[in-house]
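Listing of run_34.pdb, PDB, C-alpha atoms
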```pdb
ATOM      1  CA  GLU T  14     109.704  69.488 127.252  1.00  0.00           C
ATOM      2  CA  ASP T  15     107.329  72.166 125.916  1.00  0.00           C
ATOM      3  CA  VAL T  16     109.633  74.885 127.238  1.00  0.00           C
ATOM      4  CA  LEU T  17     112.604  73.211 125.597  1.00  0.00           C
ATOM      5  CA  LYS T  18     110.795  72.954 122.278  1.00  0.00           C
ATOM      6  CA  SER T  19     109.813  76.603 122.533  1.00  0.00           C
ATOM      7  CA  LYS T  20     113.415  77.569 123.172  1.00  0.00           C
ATOM      8  CA  GLU T  21     114.628  75.445 120.284  1.00  0.00           C
ATOM      9  CA  GLN T  22     112.164  77.230 118.012  1.00  0.00           C
ATOM     10  CA  HIS T  23     113.365  80.543 119.426  1.00  0.00           C
ATOM     11  CA  ASN T  24     116.956  79.664 118.537  1.00  0.00           C
ATOM     12  CA  LYS T  25     115.870  78.614 115.060  1.00  0.00           C
ATOM     13  CA  ASP T  26     114.206  82.010 114.622  1.00  0.00           C
ATOM     14  CA  LEU T  27     117.420  83.701 115.696  1.00  0.00           C
ATOM     15  CA  GLU T  28     119.468  81.646 113.244  1.00  0.00           C
ATOM     16  CA  ASP T  29     117.039  82.547 110.450  1.00  0.00           C
ATOM     17  CA  LEU T  30     117.357  86.222 111.364  1.00  0.00           C
ATOM     18  CA  ASP T  31     121.139  85.892 111.422  1.00  0.00           C
ATOM     19  CA  LYS T  32     121.051  84.492 107.873  1.00  0.00           C
ATOM     20  CA  LYS T  33     118.841  87.355 106.722  1.00  0.00           C
ATOM     21  CA  LEU T  34     121.306  89.786 108.268  1.00  0.00           C
ATOM     22  CA  ARG T  35     124.211  88.228 106.362  1.00  0.00           C
ATOM     23  CA  ASP T  36     122.213  88.372 103.128  1.00  0.00           C
ATOM     24  CA  LEU T  37     121.361  92.009 103.801  1.00  0.00           C
ATOM     25  CA  ASN T  38     125.039  92.814 104.411  1.00  0.00           C
ATOM     26  CA  LYS T  39     125.880  91.325 101.005  1.00  0.00           C
ATOM     27  CA  GLU T  40     123.147  93.383  99.348  1.00  0.00           C
ATOM     28  CA  ILE T  41     124.287  96.575 101.081  1.00  0.00           C
ATOM     29  CA  ASN T  42     127.857  95.982  99.876  1.00  0.00           C
ATOM     30  CA  LYS T  43     126.569  95.179  96.400  1.00  0.00           C
ATOM     31  CA  GLN T  44     124.505  98.360  96.193  1.00  0.00           C
ATOM     32  CA  GLN T  45     127.317 100.360  97.867  1.00  0.00           C
ATOM     33  CA  VAL T  46     124.914 102.065 100.251  1.00  0.00           C
ATOM     34  CA  GLN T  47     127.379 103.728 102.603  1.00  0.00           C
ATOM     35  CA  ASP T  48     125.289 106.375 104.426  1.00  0.00           C
ATOM     36  CA  GLN T  49     126.231 106.555 108.106  1.00  0.00           C
ATOM     37  CA  LYS T  50     122.716 105.938 109.426  1.00  0.00           C
ATOM     38  CA  THR T  51     122.412 102.614 107.584  1.00  0.00           C
ATOM     39  CA  LEU T  52     125.875 101.553 108.728  1.00  0.00           C
ATOM     40  CA  ASP T  53     125.074 102.452 112.345  1.00  0.00           C
ATOM     41  CA  LYS T  54     121.880 100.394 112.317  1.00  0.00           C
ATOM     42  CA  GLN T  55     123.671  97.513 110.649  1.00  0.00           C
ATOM     43  CA  LYS T  56     126.276  97.531 113.444  1.00  0.00           C
ATOM     44  CA  GLN T  57     123.563  97.749 116.122  1.00  0.00           C
ATOM     45  CA  LEU T  58     121.751  94.750 114.695  1.00  0.00           C
ATOM     46  CA  GLU T  59     124.983  92.743 114.483  1.00  0.00           C
ATOM     47  CA  ASP T  60     125.741  93.478 118.140  1.00  0.00           C
ATOM     48  CA  LEU T  61     122.277  92.389 119.256  1.00  0.00           C
ATOM     49  CA  MET T  62     122.450  89.214 117.187  1.00  0.00           C
ATOM     50  CA  ASN T  63     125.798  88.332 118.731  1.00  0.00           C
ATOM     51  CA  LYS T  64     124.305  88.868 122.164  1.00  0.00           C
ATOM     52  CA  LEU T  65     121.311  86.644 121.466  1.00  0.00           C
ATOM     53  CA  LEU T  66     123.383  83.920 119.863  1.00  0.00           C
ATOM     54  CA  ASN T  67     125.922  83.804 122.671  1.00  0.00           C
ATOM     55  CA  GLU T  68     127.772  80.691 123.760  1.00  0.00           C
ATOM     56  CA  GLU T  69     126.214  80.728 127.234  1.00  0.00           C
ATOM     57  CA  ASN T  70     122.752  80.329 125.779  1.00  0.00           C
ATOM     58  CA  LYS T  71     123.888  77.532 123.472  1.00  0.00           C
ATOM     59  CA  GLU T  72     125.615  75.765 126.366  1.00  0.00           C
ATOM     60  CA  LEU T  73     122.469  76.008 128.458  1.00  0.00           C
ATOM     61  CA  MET T  74     120.456  74.311 125.717  1.00  0.00           C
ATOM     62  CA  LYS T  75     123.053  71.565 125.523  1.00  0.00           C
ATOM     63  CA  GLU T  76     122.849  70.963 129.285  1.00  0.00           C
ATOM     64  CA  LEU T  77     119.072  70.782 129.119  1.00  0.00           C
ATOM     65  CA  GLN T  78     119.203  68.154 126.416  1.00  0.00           C
ATOM     66  CA  GLU T  79     121.693  66.112 128.424  1.00  0.00           C
ATOM     67  CA  LEU T  80     119.567  66.369 131.563  1.00  0.00           C
ATOM     68  CA  LEU T  81     116.500  65.255 129.665  1.00  0.00           C
ATOM     69  CA  GLU T  82     118.345  62.158 128.541  1.00  0.00           C
ATOM     70  CA  ARG T  83     119.395  61.374 132.131  1.00  0.00           C
ATOM     71  CA  LEU T  84     115.954  62.355 133.484  1.00  0.00           C
ATOM     72  CA  ASP T  85     117.529  64.247 136.369  1.00  0.00           C
ATOM     73  CA  LYS T  86     114.291  66.016 137.282  1.00  0.00           C
ATOM     74  CA  GLU T  87     115.654  68.241 140.015  1.00  0.00           C
ATOM     75  CA  LYS T  88     118.485  69.681 137.946  1.00  0.00           C
ATOM     76  CA  LEU T  89     116.304  69.778 134.895  1.00  0.00           C
ATOM     77  CA  GLN T  90     113.705  71.893 136.700  1.00  0.00           C
ATOM     78  CA  GLU T  91     116.427  74.215 137.919  1.00  0.00           C
ATOM     79  CA  GLN T  92     117.702  74.768 134.398  1.00  0.00           C
ATOM     80  CA  LEU T  93     114.208  75.191 132.982  1.00  0.00           C
ATOM     81  CA  GLU T  94     113.441  77.874 135.542  1.00  0.00           C
ATOM     82  CA  LYS T  95     116.653  79.637 134.695  1.00  0.00           C
ATOM     83  CA  LEU T  96     115.835  79.494 130.992  1.00  0.00           C
ATOM     84  CA  GLN T  97     112.269  80.655 131.548  1.00  0.00           C
ATOM     85  CA  LYS T  98     113.451  83.625 133.595  1.00  0.00           C
ATOM     86  CA  ASN T  99     115.322  85.035 130.607  1.00  0.00           C
ATOM     87  CA  GLN T 100     112.709  84.161 128.012  1.00  0.00           C
ATOM     88  CA  GLU T 101     110.820  87.451 128.195  1.00  0.00           C
ATOM     89  CA  LYS T 102     114.009  89.482 127.897  1.00  0.00           C
ATOM     90  CA  TYR T 103     115.120  87.501 124.849  1.00  0.00           C
ATOM     91  CA  GLN T 104     111.724  87.914 123.195  1.00  0.00           C
ATOM     92  CA  GLU T 105     111.878  91.667 123.684  1.00  0.00           C
ATOM     93  CA  GLU T 106     115.355  91.807 122.220  1.00  0.00           C
ATOM     94  CA  LEU T 107     114.302  89.669 119.263  1.00  0.00           C
ATOM     95  CA  SER T 108     111.316  91.947 118.584  1.00  0.00           C
ATOM     96  CA  ARG T 109     113.632  94.951 118.676  1.00  0.00           C
ATOM     97  CA  ASP T 110     116.082  93.195 116.341  1.00  0.00           C
ATOM     98  CA  LEU T 111     113.340  92.430 113.842  1.00  0.00           C
ATOM     99  CA  GLU T 112     112.160  96.043 113.888  1.00  0.00           C
ATOM    100  CA  ILE T 113     115.709  97.272 113.226  1.00  0.00           C
ATOM    101  CA  PHE T 114     116.077  94.757 110.413  1.00  0.00           C
ATOM    102  CA  LYS T 115     112.804  95.864 108.786  1.00  0.00           C
ATOM    103  CA  GLN T 116     113.804  99.527 109.141  1.00  0.00           C
ATOM    104  CA  MET T 117     117.089  98.810 107.377  1.00  0.00           C
ATOM    105  CA  GLU T 118     115.244  97.025 104.558  1.00  0.00           C
ATOM    106  CA  VAL T 119     112.904  99.992 104.102  1.00  0.00           C
ATOM    107  CA  GLU T 120     115.731 102.545 103.981  1.00  0.00           C
ATOM    108  CA  GLN T 121     117.768 100.320 101.659  1.00  0.00           C
ATOM    109  CA  LEU T 122     114.891 100.091  99.171  1.00  0.00           C
ATOM    110  CA  GLN T 123     114.057 103.772  99.550  1.00  0.00           C
ATOM    111  CA  ASN T 124     117.622 104.742  98.610  1.00  0.00           C
ATOM    112  CA  LYS T 125     117.557 102.368  95.636  1.00  0.00           C
ATOM    113  CA  ASN T 126     114.330 103.873  94.318  1.00  0.00           C
ATOM    114  CA  ILE T 127     115.728 107.389  94.658  1.00  0.00           C
ATOM    115  CA  GLU T 128     118.791 106.378  92.623  1.00  0.00           C
ATOM    116  CA  ASP T 129     116.664 104.634  89.987  1.00  0.00           C
ATOM    117  CA  LEU T 130     114.350 107.654  89.633  1.00  0.00           C
ATOM    118  CA  GLU T 131     117.333 109.960  89.214  1.00  0.00           C
ATOM    119  CA  LYS T 132     118.809 107.782  86.451  1.00  0.00           C
ATOM    120  CA  LEU T 133     115.462 107.481  84.688  1.00  0.00           C
ATOM    121  CA  ALA T 134     114.810 111.243  84.851  1.00  0.00           C
ATOM    122  CA  LYS T 135     118.210 111.952  83.271  1.00  0.00           C
ATOM    123  CA  ALA T 136     117.666 109.324  80.559  1.00  0.00           C
ATOM    124  CA  GLN T 137     114.216 110.748  79.793  1.00  0.00           C
ATOM    125  CA  ASP T 138     115.538 114.307  79.572  1.00  0.00           C
ATOM    126  CA  SER T 139     118.361 113.169  77.297  1.00  0.00           C
ATOM    127  CA  LEU T 140     115.913 111.411  74.958  1.00  0.00           C
ATOM    128  CA  ALA T 141     113.749 114.553  74.868  1.00  0.00           C
ATOM    129  CA  ASN T 142     116.742 116.604  73.731  1.00  0.00           C
ATOM    130  CA  VAL T 143     117.859 114.284  70.918  1.00  0.00           C
ATOM    131  CA  ASN T 144     114.233 113.987  69.821  1.00  0.00           C
ATOM    132  CA  GLU T 145     113.806 117.768  69.807  1.00  0.00           C
ATOM    133  CA  ASN T 146     116.993 118.177  67.748  1.00  0.00           C
ATOM    134  CA  LYS T 147     115.801 115.460  65.338  1.00  0.00           C
ATOM    135  CA  GLU T 148     118.899 113.378  65.955  1.00  0.00           C
ATOM    136  CA  ILE T 149     116.855 110.161  65.856  1.00  0.00           C
ATOM    137  CA  SER T 150     113.941 108.933  63.766  1.00  0.00           C
ATOM    138  CA  ASN T 151     110.399 108.600  65.089  1.00  0.00           C
ATOM    139  CA  GLU T 152     110.786 104.820  65.055  1.00  0.00           C
ATOM    140  CA  GLU T 153     113.975 104.999  67.123  1.00  0.00           C
ATOM    141  CA  ASN T 154     112.371 107.478  69.487  1.00  0.00           C
ATOM    142  CA  ILE T 155     109.369 105.185  70.044  1.00  0.00           C
ATOM    143  CA  GLU T 156     111.663 102.211  70.704  1.00  0.00           C
ATOM    144  CA  GLU T 157     113.788 104.130  73.234  1.00  0.00           C
ATOM    145  CA  GLN T 158     110.718 105.590  74.901  1.00  0.00           C
ATOM    146  CA  GLU T 159     109.235 102.115  75.335  1.00  0.00           C
ATOM    147  CA  LYS T 160     112.386 101.028  77.159  1.00  0.00           C
ATOM    148  CA  LEU T 161     112.115 103.972  79.549  1.00  0.00           C
ATOM    149  CA  LEU T 162     108.441 103.234  80.147  1.00  0.00           C
ATOM    150  CA  GLU T 163     109.365  99.661  81.080  1.00  0.00           C
ATOM    151  CA  GLU T 164     111.936 101.025  83.543  1.00  0.00           C
ATOM    152  CA  LEU T 165     109.259 103.224  85.106  1.00  0.00           C
ATOM    153  CA  ASN T 166     106.943 100.229  85.449  1.00  0.00           C
ATOM    154  CA  GLU T 167     109.707  98.361  87.267  1.00  0.00           C
ATOM    155  CA  ILE T 168     110.218 101.306  89.619  1.00  0.00           C
ATOM    156  CA  GLN T 169     106.467 101.387  90.272  1.00  0.00           C
ATOM    157  CA  LYS T 170     106.615  97.740  91.380  1.00  0.00           C
ATOM    158  CA  ASN T 171     109.547  98.544  93.672  1.00  0.00           C
ATOM    159  CA  LEU T 172     107.651 101.490  95.160  1.00  0.00           C
ATOM    160  CA  GLU T 173     104.712  99.216  95.931  1.00  0.00           C
ATOM    161  CA  GLU T 174     107.100  96.789  97.643  1.00  0.00           C
ATOM    162  CA  LEU T 175     108.621  99.687  99.602  1.00  0.00           C
ATOM    163  CA  ASP T 176     105.189 100.848 100.755  1.00  0.00           C
ATOM    164  CA  SER T 177     104.271  97.310 101.807  1.00  0.00           C
ATOM    165  CA  LEU T 178     107.499  96.801 103.789  1.00  0.00           C
ATOM    166  CA  ASN T 179     107.076 100.179 105.435  1.00  0.00           C
ATOM    167  CA  SER T 180     103.552  99.295 106.602  1.00  0.00           C
ATOM    168  CA  GLU T 181     105.019  96.348 108.557  1.00  0.00           C
ATOM    169  CA  LEU T 182     106.970  98.693 110.844  1.00  0.00           C
ATOM    170  CA  SER T 183     105.475  99.394 114.269  1.00  0.00           C
ATOM    171  CA  LYS T 184     105.701 103.093 113.356  1.00  0.00           C
ATOM    172  CA  PRO T 185     105.765 103.423 109.536  1.00  0.00           C
ATOM    173  CA  ASN T 186     108.054 106.036 107.998  1.00  0.00           C
ATOM    174  CA  GLU T 187     106.952 109.008 105.939  1.00  0.00           C
ATOM    175  CA  LEU T 188     108.332 107.917 102.547  1.00  0.00           C
ATOM    176  CA  GLY T 189     107.435 110.931 100.429  1.00  0.00           C
ATOM    177  CA  LEU T 190     105.780 108.807  97.744  1.00  0.00           C
ATOM    178  CA  ASP T 191     104.237 111.047  95.066  1.00  0.00           C
ATOM    179  CA  LYS T 192     101.494 109.052  93.377  1.00  0.00           C
ATOM    180  CA  GLU T 193     100.185 112.036  91.396  1.00  0.00           C
ATOM    181  CA  ASN T 194     103.528 112.760  89.712  1.00  0.00           C
ATOM    182  CA  GLU T 195     104.040 109.028  89.182  1.00  0.00           C
ATOM    183  CA  GLU T 196     100.778 108.759  87.234  1.00  0.00           C
ATOM    184  CA  GLN T 197     101.476 111.951  85.286  1.00  0.00           C
ATOM    185  CA  ALA T 198     104.981 110.782  84.331  1.00  0.00           C
ATOM    186  CA  GLU T 199     103.582 107.523  82.987  1.00  0.00           C
ATOM    187  CA  GLU T 200     100.864 109.383  81.056  1.00  0.00           C
ATOM    188  CA  GLU T 201     103.403 111.800  79.497  1.00  0.00           C
ATOM    189  CA  MET T 202     105.571 108.860  78.399  1.00  0.00           C
ATOM    190  CA  LYS T 203     102.617 107.194  76.693  1.00  0.00           C
ATOM    191  CA  ASN T 204     101.580 110.461  75.043  1.00  0.00           C
ATOM    192  CA  ALA T 205     105.145 110.930  73.777  1.00  0.00           C
ATOM    193  CA  ASN T 206     104.962 107.645  71.890  1.00  0.00           C
ATOM    194  CA  GLU T 207     101.477 108.374  70.611  1.00  0.00           C
ATOM    195  CA  ASN T 208     102.605 111.727  69.204  1.00  0.00           C
ATOM    196  CA  SER T 209     105.733 110.154  67.712  1.00  0.00           C
ATOM    197  CA  SER T 210     103.633 107.557  65.921  1.00  0.00           C
ATOM    198  CA  LYS T 211     101.615 110.446  64.408  1.00  0.00           C
ATOM    199  CA  GLY T 212     104.783 112.250  63.313  1.00  0.00           C
ATOM    200  CA  LYS T 213     104.334 115.024  65.900  1.00  0.00           C
ATOM    201  CA  GLN T 214     107.957 115.242  66.987  1.00  0.00           C
ATOM    202  CA  LYS T 215     107.694 118.595  68.768  1.00  0.00           C
ATOM    203  CA  GLN T 216     104.749 117.485  70.899  1.00  0.00           C
ATOM    204  CA  SER T 217     106.498 114.190  71.598  1.00  0.00           C
ATOM    205  CA  SER T 218     109.596 116.021  72.857  1.00  0.00           C
ATOM    206  CA  GLU T 219     107.451 118.224  75.101  1.00  0.00           C
ATOM    207  CA  ASN T 220     105.798 115.125  76.583  1.00  0.00           C
ATOM    208  CA  GLN T 221     109.231 113.654  77.290  1.00  0.00           C
ATOM    209  CA  LYS T 222     110.449 116.824  79.007  1.00  0.00           C
ATOM    210  CA  ASN T 223     107.312 116.877  81.150  1.00  0.00           C
ATOM    211  CA  ALA T 224     107.854 113.210  82.069  1.00  0.00           C
ATOM    212  CA  ALA T 225     111.468 113.935  83.061  1.00  0.00           C
ATOM    213  CA  LYS T 226     110.277 116.806  85.273  1.00  0.00           C
ATOM    214  CA  LYS T 227     107.690 114.625  87.008  1.00  0.00           C
ATOM    215  CA  LEU T 228     110.286 111.899  87.637  1.00  0.00           C
ATOM    216  CA  GLU T 229     112.665 114.457  89.114  1.00  0.00           C
ATOM    217  CA  GLU T 230     109.908 115.726  91.417  1.00  0.00           C
ATOM    218  CA  MET T 231     109.202 112.168  92.549  1.00  0.00           C
ATOM    219  CA  LYS T 232     112.859 111.699  93.403  1.00  0.00           C
ATOM    220  CA  GLU T 233     113.058 115.027  95.259  1.00  0.00           C
ATOM    221  CA  SER T 234     109.966 114.212  97.317  1.00  0.00           C
ATOM    222  CA  MET T 235     111.516 110.962  98.530  1.00  0.00           C
ATOM    223  CA  GLU T 236     114.893 112.616  99.144  1.00  0.00           C
ATOM    224  CA  ASN T 237     113.322 115.404 101.211  1.00  0.00           C
ATOM    225  CA  SER T 238     111.400 112.899 103.296  1.00  0.00           C
ATOM    226  CA  LEU T 239     114.575 110.935 103.979  1.00  0.00           C
ATOM    227  CA  ALA T 240     116.512 114.090 104.852  1.00  0.00           C
ATOM    228  CA  MET T 241     113.851 115.347 107.290  1.00  0.00           C
ATOM    229  CA  GLY T 242     114.714 112.702 109.852  1.00  0.00           C
ATOM    230  CA  GLY T 243     115.828 109.676 107.887  1.00  0.00           C
ATOM    231  CA  GLY T 244     112.282 108.557 107.227  1.00  0.00           C
ATOM    232  CA  SER T 245     110.468 110.424 110.020  1.00  0.00           C
ATOM    233  CA  GLN T 246     107.634 108.298 111.278  1.00  0.00           C
ATOM    234  CA  GLU T 247     104.023 108.865 110.342  1.00  0.00           C
ATOM    235  CA  GLY T 248     101.764 110.171 113.028  1.00  0.00           C
ATOM    236  CA  GLU T 249     104.561 111.734 115.073  1.00  0.00           C
TER     237      GLU T 249
END
```
Represent the supplied structure as structure tokens.
Amino acid sequence: EDVLKSKEQHNKDLEDLDKKLRDLNKEINKQQVQDQKTLDKQKQLEDLMNKLLNEENKELMKELQELLERLDKEKLQEQLEKLQKNQEKYQEELSRDLEIFKQMEVEQLQNKNIEDLEKLAKAQDSLANVNENKEISNEENIEEQEKLLEELNEIQKNLEELDSLNSELSKPNELGLDKENEEQAEEEMKNANENSSKGKQKQSSENQKNAAKKLEEMKESMENSLAMGGGSQEGE
């Protein structure tokens, strides 16, 4: 009975993983992440899930439950031994599936952060230009800069989540996170608003250009890391 309960829990774990896979597929389609490496890993995970959740395994569980009810000890023992024989193989495959799933999550979030940094860098550079050309008032500049600072703070949270997910991998990826430029970009944004509030429009515009440059460097660092092996693993 303990073996049966263990197998039932194993199947529940597989079903939970299958649900996560479907949710991830929806998110991938939503974000339109179509790079070939992500698609290949998605297909690999689907194939392994189909293998683990095969009809033969489900039928075997059904037979075990029926034998338990009839208390046919000889046949029951035979089926339990058969189930136990494959248990180690299934556990190994499940561990591999989970690792693939986590790797896909990391690369999905890494791509999203790269896209968000690129958009923010362009928006920051654009604001610097209109500020330099005095096309907006100091009050408008401060308001727009605050919005961009909030976007950076959101990206910072996502980068922390990315780093945390990556640390769960058996061999974490080299993500190319640039903490120094991240801190400098945030500081330049804050200085831009401080200078605007003092009526120093030229200095404010320079701060904004510097912030845009730091954001672009953050994005390039992550892109280069991804390109040099799709998230080459640390320590290799």
| message | Excluding Leu122 in chain T and its own-chain neighbours fewer than 2 positions away, which residues fall within 9 Å of it when counting only C-alpha atoms? Please give them as a ChimeraX atom specification. | response | /T:117-120,124-127,171-172,174-175
Evaluate the PyMOL selection byres ((chain T and resi 156-170) around 9) on the structure here and hand back the selected residues as a PDB file with C-alpha atoms, keeping the file's coordinate frame.
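Generated output (result_38.pdb):
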```
ATOM      1  CA  ASN T 126     114.330 103.873  94.318  1.00  0.00           C
ATOM      2  CA  ASP T 129     116.664 104.634  89.987  1.00  0.00           C
ATOM      3  CA  LEU T 130     114.350 107.654  89.633  1.00  0.00           C
ATOM      4  CA  LEU T 133     115.462 107.481  84.688  1.00  0.00           C
ATOM      5  CA  ALA T 136     117.666 109.324  80.559  1.00  0.00           C
ATOM      6  CA  GLN T 137     114.216 110.748  79.793  1.00  0.00           C
ATOM      7  CA  LEU T 140     115.913 111.411  74.958  1.00  0.00           C
ATOM      8  CA  ASN T 151     110.399 108.600  65.089  1.00  0.00           C
ATOM      9  CA  GLU T 152     110.786 104.820  65.055  1.00  0.00           C
ATOM     10  CA  GLU T 153     113.975 104.999  67.123  1.00  0.00           C
ATOM     11  CA  ASN T 154     112.371 107.478  69.487  1.00  0.00           C
ATOM     12  CA  ILE T 155     109.369 105.185  70.044  1.00  0.00           C
ATOM     13  CA  ASN T 171     109.547  98.544  93.672  1.00  0.00           C
ATOM     14  CA  LEU T 172     107.651 101.490  95.160  1.00  0.00           C
ATOM     15  CA  GLU T 173     104.712  99.216  95.931  1.00  0.00           C
ATOM     16  CA  GLU T 174     107.100  96.789  97.643  1.00  0.00           C
ATOM     17  CA  LEU T 175     108.621  99.687  99.602  1.00  0.00           C
ATOM     18  CA  GLU T 195     104.040 109.028  89.182  1.00  0.00           C
ATOM     19  CA  ALA T 198     104.981 110.782  84.331  1.00  0.00           C
ATOM     20  CA  GLU T 199     103.582 107.523  82.987  1.00  0.00           C
ATOM     21  CA  MET T 202     105.571 108.860  78.399  1.00  0.00           C
ATOM     22  CA  LYS T 203     102.617 107.194  76.693  1.00  0.00           C
ATOM     23  CA  ALA T 205     105.145 110.930  73.777  1.00  0.00           C
ATOM     24  CA  ASN T 206     104.962 107.645  71.890  1.00  0.00           C
ATOM     25  CA  GLN T 221     109.231 113.654  77.290  1.00  0.00           C
TER      26      GLN T 221
END
```
Coordinates of box centre and edge lengths for range 116-121 of chain T, 8 Å on every side, axis-aligned, as lines of an AutoDock Vina configuration file:
```
center_x = 115.3
center_y = 99.8
center_z = 105.4
size_x = 20.9
size_y = 21.5
size_z = 23.5
```
| query | So how far away is CA of Glu131 in chain T from CA of Lys232 in chain T, in Å? | reply | 6.4 Å
| message | I need the residue nearest Lys115 in chain T from this list: T:Lys184, T:Lys102, T:Lys132, T:Lys147. Use only C-alpha atoms for the distance. | response | T:Lys184
| query | What gap, in Å, lies between CA of Asp191 in chain T and CA of Ser234 in chain T? | reply | 6.9 Å
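A straight line drawn from CA of Leu239 in chain T to CA of Leu190 in chain T is 11.0 Å long.
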Using all atoms listed in the file, give me every residue within 9 Å of (105.3, 110.0, 86.4) in file coordinates, as a PDB file with C-alpha atoms, in the frame of the given file.
```pdb
ATOM      1  CA  LEU T 165     109.259 103.224  85.106  1.00  0.00           C
ATOM      2  CA  ASP T 191     104.237 111.047  95.066  1.00  0.00           C
ATOM      3  CA  LYS T 192     101.494 109.052  93.377  1.00  0.00           C
ATOM      4  CA  GLU T 193     100.185 112.036  91.396  1.00  0.00           C
ATOM      5  CA  ASN T 194     103.528 112.760  89.712  1.00  0.00           C
ATOM      6  CA  GLU T 195     104.040 109.028  89.182  1.00  0.00           C
ATOM      7  CA  GLU T 196     100.778 108.759  87.234  1.00  0.00           C
ATOM      8  CA  GLN T 197     101.476 111.951  85.286  1.00  0.00           C
ATOM      9  CA  ALA T 198     104.981 110.782  84.331  1.00  0.00           C
ATOM     10  CA  GLU T 199     103.582 107.523  82.987  1.00  0.00           C
ATOM     11  CA  GLU T 200     100.864 109.383  81.056  1.00  0.00           C
ATOM     12  CA  GLU T 201     103.403 111.800  79.497  1.00  0.00           C
ATOM     13  CA  MET T 202     105.571 108.860  78.399  1.00  0.00           C
ATOM     14  CA  ASN T 223     107.312 116.877  81.150  1.00  0.00           C
ATOM     15  CA  ALA T 224     107.854 113.210  82.069  1.00  0.00           C
ATOM     16  CA  ALA T 225     111.468 113.935  83.061  1.00  0.00           C
ATOM     17  CA  LYS T 226     110.277 116.806  85.273  1.00  0.00           C
ATOM     18  CA  LYS T 227     107.690 114.625  87.008  1.00  0.00           C
ATOM     19  CA  LEU T 228     110.286 111.899  87.637  1.00  0.00           C
ATOM     20  CA  GLU T 230     109.908 115.726  91.417  1.00  0.00           C
ATOM     21  CA  MET T 231     109.202 112.168  92.549  1.00  0.00           C
TER      22      MET T 231
END
```
| task | With a distance cut-off of 10 Å and all atoms listed in the file, select the neighbouring residues of Ser183 in chain T, excluding the residue or stretch itself and same-chain residues fewer than 4 positions from it, and output the selection as number ranges by chain. | result | T: 112, 115-116, 179, 246
